[in-house]
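Chemist: Here you go, start_35.pdb (PDB, C-alpha atoms and all ligand atoms):
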ATOM      1  CA  MET A   1      -5.199  -1.217 -65.639  1.00  0.00           C
ATOM      2  CA  ILE A   2      -5.530   2.475 -66.499  1.00  0.00           C
ATOM      3  CA  LYS A   3      -2.755   4.941 -65.667  1.00  0.00           C
ATOM      4  CA  VAL A   4      -3.688   8.433 -64.515  1.00  0.00           C
ATOM      5  CA  ASN A   5      -1.664  11.244 -63.036  1.00  0.00           C
ATOM      6  CA  VAL A   6      -3.185  13.288 -60.224  1.00  0.00           C
ATOM      7  CA  ASP A   7      -1.288  16.285 -58.847  1.00  0.00           C
ATOM      8  CA  GLY A   8       1.933  14.803 -60.192  1.00  0.00           C
ATOM      9  CA  ARG A   9       1.325  11.382 -58.697  1.00  0.00           C
ATOM     10  CA  ALA A  10       1.057   8.347 -60.979  1.00  0.00           C
ATOM     11  CA  ILE A  11      -1.858   6.062 -60.104  1.00  0.00           C
ATOM     12  CA  GLU A  12      -2.995   2.768 -61.579  1.00  0.00           C
ATOM     13  CA  VAL A  13      -6.730   2.160 -61.408  1.00  0.00           C
ATOM     14  CA  GLY A  14      -9.294  -0.363 -62.581  1.00  0.00           C
ATOM     15  CA  GLU A  15     -12.365   0.577 -64.568  1.00  0.00           C
ATOM     16  CA  GLY A  16     -15.882   1.235 -63.357  1.00  0.00           C
ATOM     17  CA  GLN A  17     -15.288   4.015 -60.837  1.00  0.00           C
ATOM     18  CA  SER A  18     -15.504   7.751 -61.018  1.00  0.00           C
ATOM     19  CA  LEU A  19     -12.357   9.870 -60.854  1.00  0.00           C
ATOM     20  CA  LEU A  20     -13.552  11.198 -57.487  1.00  0.00           C
ATOM     21  CA  ALA A  21     -13.893   7.691 -56.020  1.00  0.00           C
ATOM     22  CA  VAL A  22     -10.420   6.757 -57.279  1.00  0.00           C
ATOM     23  CA  CYS A  23      -8.833   9.878 -55.795  1.00  0.00           C
ATOM     24  CA  LEU A  24     -10.529   9.434 -52.427  1.00  0.00           C
ATOM     25  CA  GLN A  25      -9.389   5.812 -52.278  1.00  0.00           C
ATOM     26  CA  GLN A  26      -5.837   6.979 -52.968  1.00  0.00           C
ATOM     27  CA  GLY A  27      -6.004   9.506 -50.147  1.00  0.00           C
ATOM     28  CA  ILE A  28      -6.251  12.483 -52.511  1.00  0.00           C
ATOM     29  CA  PHE A  29      -8.922  14.732 -51.056  1.00  0.00           C
ATOM     30  CA  ILE A  30     -11.335  16.484 -53.386  1.00  0.00           C
ATOM     31  CA  PRO A  31     -14.140  18.442 -51.690  1.00  0.00           C
ATOM     32  CA  HIS A  32     -17.460  16.640 -52.160  1.00  0.00           C
ATOM     33  CA  LEU A  33     -20.832  16.336 -50.502  1.00  0.00           C
ATOM     34  CA  CYS A  34     -23.389  14.518 -52.663  1.00  0.00           C
ATOM     35  CA  PHE A  35     -21.139  11.623 -53.731  1.00  0.00           C
ATOM     36  CA  LEU A  36     -21.969   8.292 -52.107  1.00  0.00           C
ATOM     37  CA  GLU A  37     -19.889   5.162 -52.577  1.00  0.00           C
ATOM     38  CA  GLY A  38     -21.978   2.505 -54.324  1.00  0.00           C
ATOM     39  CA  MET A  39     -24.539   4.908 -55.726  1.00  0.00           C
ATOM     40  CA  PRO A  40     -25.052   3.887 -59.374  1.00  0.00           C
ATOM     41  CA  GLU A  41     -24.865   7.496 -60.515  1.00  0.00           C
ATOM     42  CA  SER A  42     -23.855  10.590 -58.600  1.00  0.00           C
ATOM     43  CA  PRO A  43     -26.578  13.250 -58.525  1.00  0.00           C
ATOM     44  CA  ALA A  44     -23.796  15.841 -58.998  1.00  0.00           C
ATOM     45  CA  SER A  45     -25.893  18.349 -57.110  1.00  0.00           C
ATOM     46  CA  CYS A  46     -23.326  19.892 -54.748  1.00  0.00           C
ATOM     47  CA  ARG A  47     -20.954  21.128 -57.522  1.00  0.00           C
ATOM     48  CA  LEU A  48     -17.995  20.849 -55.149  1.00  0.00           C
ATOM     49  CA  CYS A  49     -15.869  18.124 -56.690  1.00  0.00           C
ATOM     50  CA  PHE A  50     -14.370  20.106 -59.557  1.00  0.00           C
ATOM     51  CA  VAL A  51     -10.929  19.239 -60.912  1.00  0.00           C
ATOM     52  CA  ASP A  52      -8.901  20.429 -63.873  1.00  0.00           C
ATOM     53  CA  ILE A  53      -8.216  17.785 -66.501  1.00  0.00           C
ATOM     54  CA  GLN A  54      -5.542  18.442 -69.120  1.00  0.00           C
ATOM     55  CA  GLY A  55      -7.219  19.133 -72.452  1.00  0.00           C
ATOM     56  CA  GLU A  56     -10.564  20.164 -70.933  1.00  0.00           C
ATOM     57  CA  PRO A  57     -11.405  23.853 -71.369  1.00  0.00           C
ATOM     58  CA  ALA A  58     -13.076  24.181 -67.957  1.00  0.00           C
ATOM     59  CA  PRO A  59     -13.029  22.294 -64.641  1.00  0.00           C
ATOM     60  CA  VAL A  60     -15.267  19.223 -64.519  1.00  0.00           C
ATOM     61  CA  ALA A  61     -17.146  17.466 -61.719  1.00  0.00           C
ATOM     62  CA  SER A  62     -14.925  14.515 -60.844  1.00  0.00           C
ATOM     63  CA  CYS A  63     -17.836  12.395 -59.580  1.00  0.00           C
ATOM     64  CA  LYS A  64     -19.214  12.313 -63.138  1.00  0.00           C
ATOM     65  CA  VAL A  65     -15.984  11.481 -64.966  1.00  0.00           C
ATOM     66  CA  PRO A  66     -14.460   8.018 -65.362  1.00  0.00           C
ATOM     67  CA  PRO A  67     -10.662   7.949 -65.441  1.00  0.00           C
ATOM     68  CA  TRP A  68      -9.079   7.265 -68.813  1.00  0.00           C
ATOM     69  CA  ASP A  69      -5.611   6.096 -69.703  1.00  0.00           C
ATOM     70  CA  GLY A  70      -3.144   8.984 -69.746  1.00  0.00           C
ATOM     71  CA  MET A  71      -5.491  11.378 -67.907  1.00  0.00           C
ATOM     72  CA  VAL A  72      -3.635  14.244 -66.204  1.00  0.00           C
ATOM     73  CA  VAL A  73      -5.517  15.867 -63.326  1.00  0.00           C
ATOM     74  CA  ARG A  74      -4.928  18.847 -61.027  1.00  0.00           C
ATOM     75  CA  THR A  75      -7.156  19.053 -57.971  1.00  0.00           C
ATOM     76  CA  ASP A  76      -5.948  22.369 -56.576  1.00  0.00           C
ATOM     77  CA  THR A  77      -5.754  24.987 -59.305  1.00  0.00           C
ATOM     78  CA  GLU A  78      -6.908  28.517 -58.640  1.00  0.00           C
ATOM     79  CA  ARG A  79     -10.040  28.229 -60.784  1.00  0.00           C
ATOM     80  CA  VAL A  80     -10.960  24.886 -59.188  1.00  0.00           C
ATOM     81  CA  ARG A  81     -10.736  26.400 -55.732  1.00  0.00           C
ATOM     82  CA  ARG A  82     -12.698  29.454 -56.865  1.00  0.00           C
ATOM     83  CA  LEU A  83     -15.549  27.246 -58.139  1.00  0.00           C
ATOM     84  CA  GLN A  84     -15.510  25.102 -55.006  1.00  0.00           C
ATOM     85  CA  LYS A  85     -15.690  28.157 -52.760  1.00  0.00           C
ATOM     86  CA  SER A  86     -18.628  29.536 -54.758  1.00  0.00           C
ATOM     87  CA  ALA A  87     -20.428  26.179 -54.567  1.00  0.00           C
ATOM     88  CA  LEU A  88     -19.951  25.988 -50.815  1.00  0.00           C
ATOM     89  CA  ARG A  89     -21.077  29.596 -50.305  1.00  0.00           C
ATOM     90  CA  LEU A  90     -24.205  28.811 -52.295  1.00  0.00           C
ATOM     91  CA  LEU A  91     -24.946  25.757 -50.146  1.00  0.00           C
ATOM     92  CA  LEU A  92     -24.389  27.745 -46.976  1.00  0.00           C
ATOM     93  CA  SER A  93     -26.612  30.565 -48.186  1.00  0.00           C
ATOM     94  CA  VAL A  94     -29.668  28.313 -47.860  1.00  0.00           C
ATOM     95  CA  HIS A  95     -28.485  26.312 -44.863  1.00  0.00           C
ATOM     96  CA  HIS A  96     -29.599  27.122 -41.331  1.00  0.00           C
ATOM     97  CA  VAL A  97     -26.190  27.605 -39.705  1.00  0.00           C
ATOM     98  CA  ASP A  98     -26.668  27.193 -35.977  1.00  0.00           C
ATOM     99  CA  CYS A  99     -23.838  24.888 -34.990  1.00  0.00           C
ATOM    100  CA  ARG A 100     -24.195  25.266 -31.240  1.00  0.00           C
ATOM    101  CA  ASN A 101     -27.663  23.725 -31.407  1.00  0.00           C
ATOM    102  CA  CYS A 102     -26.950  21.185 -34.117  1.00  0.00           C
ATOM    103  CA  PRO A 103     -26.304  17.456 -33.511  1.00  0.00           C
ATOM    104  CA  SER A 104     -23.709  17.486 -36.303  1.00  0.00           C
ATOM    105  CA  ASN A 105     -21.557  20.061 -34.563  1.00  0.00           C
ATOM    106  CA  LYS A 106     -17.856  19.064 -34.594  1.00  0.00           C
ATOM    107  CA  LYS A 107     -18.517  16.085 -36.885  1.00  0.00           C
ATOM    108  CA  CYS A 108     -19.979  18.084 -39.707  1.00  0.00           C
ATOM    109  CA  VAL A 109     -18.935  17.884 -43.328  1.00  0.00           C
ATOM    110  CA  LEU A 110     -19.915  21.527 -43.895  1.00  0.00           C
ATOM    111  CA  GLN A 111     -17.627  22.636 -41.087  1.00  0.00           C
ATOM    112  CA  ASP A 112     -14.815  20.508 -42.534  1.00  0.00           C
ATOM    113  CA  LEU A 113     -15.344  21.841 -46.045  1.00  0.00           C
ATOM    114  CA  ALA A 114     -15.521  25.425 -44.801  1.00  0.00           C
ATOM    115  CA  LYS A 115     -12.221  24.955 -42.998  1.00  0.00           C
ATOM    116  CA  PHE A 116     -10.562  23.232 -45.949  1.00  0.00           C
ATOM    117  CA  LEU A 117     -11.639  25.902 -48.437  1.00  0.00           C
ATOM    118  CA  GLY A 118     -11.241  28.862 -46.109  1.00  0.00           C
ATOM    119  CA  VAL A 119     -14.894  29.868 -46.430  1.00  0.00           C
ATOM    120  CA  PRO A 120     -16.693  31.241 -43.369  1.00  0.00           C
ATOM    121  CA  LEU A 121     -19.778  29.273 -42.390  1.00  0.00           C
ATOM    122  CA  LYS A 122     -21.670  32.538 -42.422  1.00  0.00           C
ATOM    123  CA  SER A 123     -20.493  34.150 -45.607  1.00  0.00           C
ATOM    124  CA  LYS A 124     -20.878  37.874 -46.172  1.00  0.00           C
ATOM    125  CA  LYS A 125     -20.332  37.436 -49.907  1.00  0.00           C
ATOM    126  CA  LEU A 126     -23.777  35.917 -50.470  1.00  0.00           C
ATOM    127  CA  GLU A 127     -27.018  37.018 -48.949  1.00  0.00           C
ATOM    128  CA  HIS A 128     -28.705  34.439 -46.794  1.00  0.00           C
ATOM    129  CA  LEU A 129     -31.777  33.198 -48.620  1.00  0.00           C
ATOM    130  CA  GLN A 130     -34.596  32.204 -46.379  1.00  0.00           C
ATOM    131  CA  ARG A 131     -36.546  29.443 -48.000  1.00  0.00           C
ATOM    132  CA  GLU A 132     -40.283  29.394 -47.514  1.00  0.00           C
ATOM    133  CA  ILE A 133     -40.656  25.731 -46.821  1.00  0.00           C
ATOM    134  CA  GLY A 134     -42.634  23.598 -44.481  1.00  0.00           C
ATOM    135  CA  VAL A 135     -41.909  20.131 -43.176  1.00  0.00           C
ATOM    136  CA  GLU A 136     -43.159  17.635 -45.745  1.00  0.00           C
ATOM    137  CA  LEU A 137     -41.753  14.502 -44.155  1.00  0.00           C
ATOM    138  CA  ASP A 138     -44.688  13.190 -42.154  1.00  0.00           C
ATOM    139  CA  HIS A 139     -43.078  10.106 -40.662  1.00  0.00           C
ATOM    140  CA  PRO A 140     -43.836   8.214 -37.448  1.00  0.00           C
ATOM    141  CA  LEU A 141     -40.160   7.766 -36.518  1.00  0.00           C
ATOM    142  CA  PHE A 142     -38.182  10.508 -38.197  1.00  0.00           C
ATOM    143  CA  GLN A 143     -38.156  14.263 -37.937  1.00  0.00           C
ATOM    144  CA  PHE A 144     -37.014  16.479 -40.763  1.00  0.00           C
ATOM    145  CA  VAL A 145     -35.578  19.997 -40.633  1.00  0.00           C
ATOM    146  CA  PRO A 146     -35.772  21.407 -44.148  1.00  0.00           C
ATOM    147  CA  GLU A 147     -33.741  24.497 -43.226  1.00  0.00           C
ATOM    148  CA  ARG A 148     -30.741  22.243 -42.631  1.00  0.00           C
ATOM    149  CA  CYS A 149     -31.162  20.021 -45.677  1.00  0.00           C
ATOM    150  CA  VAL A 150     -28.544  20.559 -48.379  1.00  0.00           C
ATOM    151  CA  LEU A 151     -30.418  18.385 -50.906  1.00  0.00           C
ATOM    152  CA  CYS A 152     -27.562  15.933 -51.317  1.00  0.00           C
ATOM    153  CA  GLU A 153     -29.945  13.001 -52.045  1.00  0.00           C
ATOM    154  CA  LYS A 154     -27.971  10.634 -49.836  1.00  0.00           C
ATOM    155  CA  CYS A 155     -30.997   9.706 -47.726  1.00  0.00           C
ATOM    156  CA  ILE A 156     -32.958   8.854 -50.858  1.00  0.00           C
ATOM    157  CA  ALA A 157     -30.093   6.770 -52.252  1.00  0.00           C
ATOM    158  CA  VAL A 158     -29.529   4.712 -49.088  1.00  0.00           C
ATOM    159  CA  CYS A 159     -33.248   4.111 -48.705  1.00  0.00           C
ATOM    160  CA  ARG A 160     -33.205   2.726 -52.237  1.00  0.00           C
ATOM    161  CA  GLN A 161     -30.186   0.545 -51.424  1.00  0.00           C
ATOM    162  CA  HIS A 162     -31.865  -0.912 -48.329  1.00  0.00           C
ATOM    163  CA  ASN A 163     -35.326  -1.473 -49.797  1.00  0.00           C
ATOM    164  CA  ASP A 164     -34.726  -1.868 -53.558  1.00  0.00           C
ATOM    165  CA  PHE A 165     -36.830   1.266 -53.950  1.00  0.00           C
ATOM    166  CA  SER A 166     -36.821   4.556 -52.061  1.00  0.00           C
ATOM    167  CA  LEU A 167     -39.622   5.557 -49.745  1.00  0.00           C
ATOM    168  CA  LEU A 168     -38.060   8.994 -49.628  1.00  0.00           C
ATOM    169  CA  THR A 169     -38.193  11.432 -52.488  1.00  0.00           C
ATOM    170  CA  PHE A 170     -37.967  15.142 -53.208  1.00  0.00           C
ATOM    171  CA  ALA A 171     -41.091  17.291 -53.267  1.00  0.00           C
ATOM    172  CA  LYS A 172     -41.547  20.871 -54.501  1.00  0.00           C
ATOM    173  CA  ARG A 173     -38.950  22.562 -56.686  1.00  0.00           C
ATOM    174  CA  GLY A 174     -35.896  24.767 -56.724  1.00  0.00           C
ATOM    175  CA  PHE A 175     -35.010  26.456 -53.425  1.00  0.00           C
ATOM    176  CA  ASN A 176     -38.208  25.077 -51.899  1.00  0.00           C
ATOM    177  CA  THR A 177     -37.324  21.437 -52.559  1.00  0.00           C
ATOM    178  CA  VAL A 178     -37.789  19.221 -49.509  1.00  0.00           C
ATOM    179  CA  VAL A 179     -37.470  15.547 -48.678  1.00  0.00           C
ATOM    180  CA  THR A 180     -40.742  13.725 -48.273  1.00  0.00           C
ATOM    181  CA  CYS A 181     -41.937  10.152 -47.750  1.00  0.00           C
ATOM    182  CA  PHE A 182     -44.579   8.902 -50.116  1.00  0.00           C
ATOM    183  CA  GLU A 183     -45.692   5.957 -47.970  1.00  0.00           C
ATOM    184  CA  LYS A 184     -48.216   7.431 -45.545  1.00  0.00           C
ATOM    185  CA  ASP A 185     -49.321   4.175 -43.883  1.00  0.00           C
ATOM    186  CA  PRO A 186     -47.066   3.646 -40.799  1.00  0.00           C
ATOM    187  CA  ASP A 187     -47.741  -0.120 -40.870  1.00  0.00           C
ATOM    188  CA  ARG A 188     -46.189  -0.379 -44.320  1.00  0.00           C
ATOM    189  CA  LEU A 189     -42.994   1.441 -43.427  1.00  0.00           C
ATOM    190  CA  PRO A 190     -39.888  -0.782 -43.051  1.00  0.00           C
ATOM    191  CA  CYS A 191     -38.093   1.917 -41.054  1.00  0.00           C
ATOM    192  CA  SER A 192     -38.221   0.587 -37.518  1.00  0.00           C
ATOM    193  CA  ASP A 193     -35.163  -1.651 -38.065  1.00  0.00           C
ATOM    194  CA  CYS A 194     -33.421   0.756 -40.373  1.00  0.00           C
ATOM    195  CA  ARG A 195     -31.731   4.067 -39.637  1.00  0.00           C
ATOM    196  CA  ALA A 196     -29.892   4.355 -42.930  1.00  0.00           C
ATOM    197  CA  CYS A 197     -31.189   7.796 -43.885  1.00  0.00           C
ATOM    198  CA  VAL A 198     -30.582   9.173 -40.389  1.00  0.00           C
ATOM    199  CA  GLU A 199     -27.058   7.799 -40.327  1.00  0.00           C
ATOM    200  CA  ILE A 200     -26.099   9.049 -43.780  1.00  0.00           C
ATOM    201  CA  CYS A 201     -27.485  12.591 -43.511  1.00  0.00           C
ATOM    202  CA  PRO A 202     -24.395  14.822 -43.296  1.00  0.00           C
ATOM    203  CA  VAL A 203     -26.147  17.749 -41.593  1.00  0.00           C
ATOM    204  CA  SER A 204     -28.663  16.169 -39.170  1.00  0.00           C
ATOM    205  CA  ALA A 205     -31.612  17.246 -41.285  1.00  0.00           C
ATOM    206  CA  ILE A 206     -33.236  13.856 -40.592  1.00  0.00           C
ATOM    207  CA  PHE A 207     -33.082  12.273 -37.179  1.00  0.00           C
ATOM    208  CA  LEU A 208     -35.091  10.087 -34.854  1.00  0.00           C
ATOM    209  CA  LYS A 209     -38.087  11.821 -33.302  1.00  0.00           C
ATOM    210  CA  ASN A 210     -37.102  10.787 -29.816  1.00  0.00           C
ATOM    211  CA  GLU A 211     -33.867  12.687 -30.340  1.00  0.00           C
ATOM    212  CA  ALA A 212     -35.758  15.847 -31.223  1.00  0.00           C
ATOM    213  CA  ALA A 213     -35.270  17.471 -27.847  1.00  0.00           C
ATOM    214  CA  GLU A 214     -31.546  16.916 -28.044  1.00  0.00           C
ATOM    215  CA  ALA A 215     -31.552  18.261 -31.564  1.00  0.00           C
ATOM    216  CA  CYS A 216     -33.190  21.529 -30.507  1.00  0.00           C
ATOM    217  CA  LEU A 217     -35.561  21.645 -33.370  1.00  0.00           C
ATOM    218  CA  ASP A 218     -38.817  22.738 -31.900  1.00  0.00           C
ATOM    219  CA  GLN A 219     -38.659  26.333 -33.001  1.00  0.00           C
ATOM    220  CA  PRO A 220     -35.483  27.021 -34.957  1.00  0.00           C
ATOM    221  CA  PRO A 221     -35.267  30.773 -35.425  1.00  0.00           C
ATOM    222  CA  PRO A 222     -34.390  31.855 -38.959  1.00  0.00           C
ATOM    223  CA  PHE A 223     -30.593  31.908 -39.172  1.00  0.00           C
ATOM    224  CA  PRO A 224     -29.997  33.540 -35.804  1.00  0.00           C
ATOM    225  CA  ASP A 225     -26.703  32.599 -34.195  1.00  0.00           C
ATOM    226  CA  SER A 226     -23.105  32.641 -35.109  1.00  0.00           C
ATOM    227  CA  PRO A 227     -21.491  29.192 -35.137  1.00  0.00           C
TER     228      PRO A 227
HETATM  229  S1  LIG B   1     -24.947  21.019 -40.154  1.00  0.00           S
HETATM  230 FE1  LIG B   1     -24.878  23.261 -40.239  1.00  0.00          FE
HETATM  231  S2  LIG B   1     -25.542  23.950 -38.231  1.00  0.00           S
HETATM  232 FE2  LIG B   1     -24.984  21.785 -38.069  1.00  0.00          FE
HETATM  233  S3  LIG B   1     -22.840  21.781 -37.411  1.00  0.00           S
HETATM  234 FE3  LIG B   1     -22.873  21.680 -39.652  1.00  0.00          FE
HETATM  235  S4  LIG B   1     -22.732  23.824 -40.353  1.00  0.00           S
HETATM  236 FE4  LIG B   1     -23.298  23.854 -38.200  1.00  0.00          FE
HETATM  237  S1  LIG B   2     -32.130  15.161 -45.506  1.00  0.00           S
HETATM  238 FE1  LIG B   2     -29.892  15.020 -45.262  1.00  0.00          FE
HETATM  239  S2  LIG B   2     -29.299  13.272 -46.551  1.00  0.00           S
HETATM  240 FE2  LIG B   2     -31.350  13.888 -47.189  1.00  0.00          FE
HETATM  241  S3  LIG B   2     -31.068  15.305 -48.914  1.00  0.00           S
HETATM  242 FE3  LIG B   2     -31.218  16.537 -47.025  1.00  0.00          FE
HETATM  243  S4  LIG B   2     -29.096  16.818 -46.345  1.00  0.00           S
HETATM  244 FE4  LIG B   2     -29.083  15.128 -47.813  1.00  0.00          FE
HETATM  245  S1  LIG B   3     -19.661  15.150 -55.314  1.00  0.00           S
HETATM  246 FE1  LIG B   3     -19.576  15.719 -57.393  1.00  0.00          FE
HETATM  247  S2  LIG B   3     -21.100  17.217 -57.643  1.00  0.00           S
HETATM  248 FE2  LIG B   3     -21.304  16.573 -55.548  1.00  0.00          FE
END
Go through the file and emit its structure as C-alpha cells.
Ligand code: SF4
Ligand code: SF4
Ligand code: FES
Modeler:
Amino acid sequence: MIKVNVDGRAIEVGEGQSLLAVCLQQGIFIPHLCFLEGMPESPASCRLCFVDIQGEPAPVASCKVPPWDGMVVRTDTERVRRLQKSALRLLLSVHHVDCRNCPSNKKCVLQDLAKFLGVPLKSKKLEHLQREIGVELDHPLFQFVPERCVLCEKCIAVCRQHNDFSLLTFAKRGFNTVVTCFEKDPDRLPCSDCRACVEICPVSAIFLKNEAAEACLDQPPPFPDSP
C-alpha cells in the first residue's frame, strides 16, 4: 500500500488509480468535470481538478497524477482555487446558460461547481463567446445542443465502453468543436437499447429526441436569460 497525505489526512491507497479518483473515494472533494471512473485515461480537458503537491512548482491536474508513497497534497490552496475559478469561468463563457429551460436544472454539475467555487453562472469577468456552430450529430434517436456541450468527452468514452469502439467523436476544432456520430446508417446503430451517452452527459447536451419538447431546444436564443 502507498501512504499519501491529503489536507492533513493520512490515507492508504493501492496502485493503479489517479490521485483524483483516490480522493473522491475517500470523500475528499476536488472539483472535476471530465473525469470518468473506469476511463483508461482522463482527457484532462476541463482543467478543474488542480491540487498542490509538495515539491511541485505549480498546481497539477489530479486526474493525471498517480499517488506516490509520501505524497503530500493540498486541495484548497489559494492558487488552486484561483485556477479552478478561471477554468470554470472559461467553461461557462462558451456554455449556453439558460437553467430555467434546461433539463439538468437543479441536478447540474455546473451549478454545483459554481456554488462550490463561488463563481456566478453568468460571469462578468469573461465575455460570453458565442460559438458559430451547427448541429453535427445527425442521429435518429438523439438530439444534440452544441451550445450546451462542455466538451467533456464523457459521451464518447461511455459509447466506447458499451460498444468496444465509439460511434461518437468530435468534429471541427477549437471553440467550434462539436460531438458527431460517424455511423450514418440508422440500421447499423446499436443505440436503441443503450442510453449511455444521454445518461452520462452532465449538461443535457445530448438527449432523446422524444424529450426534445420538454428540453425546450427548438430555438434556443443566444445566451438570453438569467439562471
Ligand atoms: S447545464 Fe447549464 S443551463 Fe443547464 S442547468 Fe446547468 S448551468 Fe444551467
Ligand atoms: S455532449 Fe455532453 S457528455 Fe458529450 S462532450 Fe458534450 S457535455 Fe460532454
Ligand atoms: S477532471 Fe482533471 S482535468 Fe478534468
Chemist: Quick one, how far is CA of Trp68 in chain A from CA of Gln54 in chain A?
Modeler: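 Between CA of Trp68 in chain A and CA of Gln54 in chain A the gap is 11.7 Å.
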Chemist: I'd like to know which of A:Ala196, A:Ala21, A:Ile206, A:Val178 is closest to Gly38 in chain A, using only C-alpha atoms.
Modeler: A:Ala21
Chemist: Using 9 Å as the limit and counting all atoms listed in the file, can you tabulate each residue of chain A that touches ligand LIG 2 (chain B), with its shortest atom-to-atom distance in Å and the two atoms involved, as a Markdown table?
Modeler:
| residue | atom | partner | partner_atom | distance |
| --- | --- | --- | --- | --- |
| A:Leu33 | CA | B:LIG2 | FE4 | 8.8 |
| A:Cys34 | CA | B:LIG2 | FE4 | 7.5 |
| A:Phe144 | CA | B:LIG2 | S1 | 6.9 |
| A:Val145 | CA | B:LIG2 | S1 | 7.7 |
| A:Pro146 | CA | B:LIG2 | FE3 | 7.3 |
| A:Arg148 | CA | B:LIG2 | S4 | 6.8 |
| A:Cys149 | CA | B:LIG2 | FE3 | 3.7 |
| A:Val150 | CA | B:LIG2 | S4 | 4.3 |
| A:Leu151 | CA | B:LIG2 | S3 | 3.7 |
| A:Cys152 | CA | B:LIG2 | FE4 | 3.9 |
| A:Glu153 | CA | B:LIG2 | S3 | 4.0 |
| A:Lys154 | CA | B:LIG2 | S2 | 4.4 |
| A:Cys155 | CA | B:LIG2 | S2 | 4.1 |
| A:Ile156 | CA | B:LIG2 | FE2 | 6.4 |
| A:Ala157 | CA | B:LIG2 | S2 | 8.7 |
| A:Val158 | CA | B:LIG2 | S2 | 8.9 |
| A:Leu168 | CA | B:LIG2 | FE2 | 8.7 |
| A:Thr169 | CA | B:LIG2 | S3 | 8.9 |
| A:Phe170 | CA | B:LIG2 | S3 | 8.1 |
| A:Val178 | CA | B:LIG2 | FE3 | 7.5 |
| A:Val179 | CA | B:LIG2 | S1 | 6.2 |
| A:Cys197 | CA | B:LIG2 | S2 | 6.4 |
| A:Val198 | CA | B:LIG2 | S2 | 7.5 |
| A:Glu199 | CA | B:LIG2 | S2 | 8.6 |
| A:Ile200 | CA | B:LIG2 | S2 | 6.0 |
| A:Cys201 | CA | B:LIG2 | S2 | 3.6 |
| A:Pro202 | CA | B:LIG2 | FE1 | 5.8 |
| A:Val203 | CA | B:LIG2 | S4 | 5.7 |
| A:Ser204 | CA | B:LIG2 | FE1 | 6.3 |
| A:Ala205 | CA | B:LIG2 | S1 | 4.7 |
| A:Ile206 | CA | B:LIG2 | S1 | 5.2 |
| A:Phe207 | CA | B:LIG2 | S1 | 8.9 |
Chemist: Under the rule that only C-alpha atoms and all ligand atoms are counted, which of A:Leu167, A:Cys159, A:Val72, A:Leu91 is the nearest residue to ligand LIG 1 (chain B)?
Modeler: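 Smallest separation from ligand LIG 1 (chain B) among the options: A:Leu91.
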Chemist: Which value, in Å to one decimal, gives the distance between CA of Arg89 in chain A and atom S4 of ligand LIG 1 (chain B)?
Modeler: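 Answer for the CA of Arg89 in chain A to atom S4 of ligand LIG 1 (chain B) separation: 11.6 Å.
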Chemist: Using only C-alpha atoms and all ligand atoms, which protein or nucleic acid residues are at most 10 Å from ligand LIG 1 (chain B), as a compact mmCIF listing (two decimals) with C-alpha atoms, in the frame of the given file?
Modeler:
# COMPACT_ATOMS: atom_id res chain seq x y z
CA LEU A 92 -24.39 27.74 -46.98
CA HIS A 95 -28.48 26.31 -44.86
CA HIS A 96 -29.60 27.12 -41.33
CA VAL A 97 -26.19 27.60 -39.70
CA ASP A 98 -26.67 27.19 -35.98
CA CYS A 99 -23.84 24.89 -34.99
CA ARG A 100 -24.20 25.27 -31.24
CA ASN A 101 -27.66 23.72 -31.41
CA CYS A 102 -26.95 21.18 -34.12
CA PRO A 103 -26.30 17.46 -33.51
CA SER A 104 -23.71 17.49 -36.30
CA ASN A 105 -21.56 20.06 -34.56
CA LYS A 106 -17.86 19.06 -34.59
CA LYS A 107 -18.52 16.08 -36.88
CA CYS A 108 -19.98 18.08 -39.71
CA VAL A 109 -18.93 17.88 -43.33
CA LEU A 110 -19.92 21.53 -43.90
CA GLN A 111 -17.63 22.64 -41.09
CA ASP A 112 -14.82 20.51 -42.53
CA LEU A 113 -15.34 21.84 -46.04
CA ALA A 114 -15.52 25.42 -44.80
CA LEU A 121 -19.78 29.27 -42.39
CA LYS A 122 -21.67 32.54 -42.42
CA GLU A 147 -33.74 24.50 -43.23
CA ARG A 148 -30.74 22.24 -42.63
CA CYS A 149 -31.16 20.02 -45.68
CA VAL A 150 -28.54 20.56 -48.38
CA CYS A 201 -27.48 12.59 -43.51
CA PRO A 202 -24.40 14.82 -43.30
CA VAL A 203 -26.15 17.75 -41.59
CA SER A 204 -28.66 16.17 -39.17
CA ALA A 205 -31.61 17.25 -41.28
CA ALA A 215 -31.55 18.26 -31.56
CA PHE A 223 -30.59 31.91 -39.17
CA ASP A 225 -26.70 32.60 -34.20
CA SER A 226 -23.10 32.64 -35.11
CA PRO A 227 -21.49 29.19 -35.14
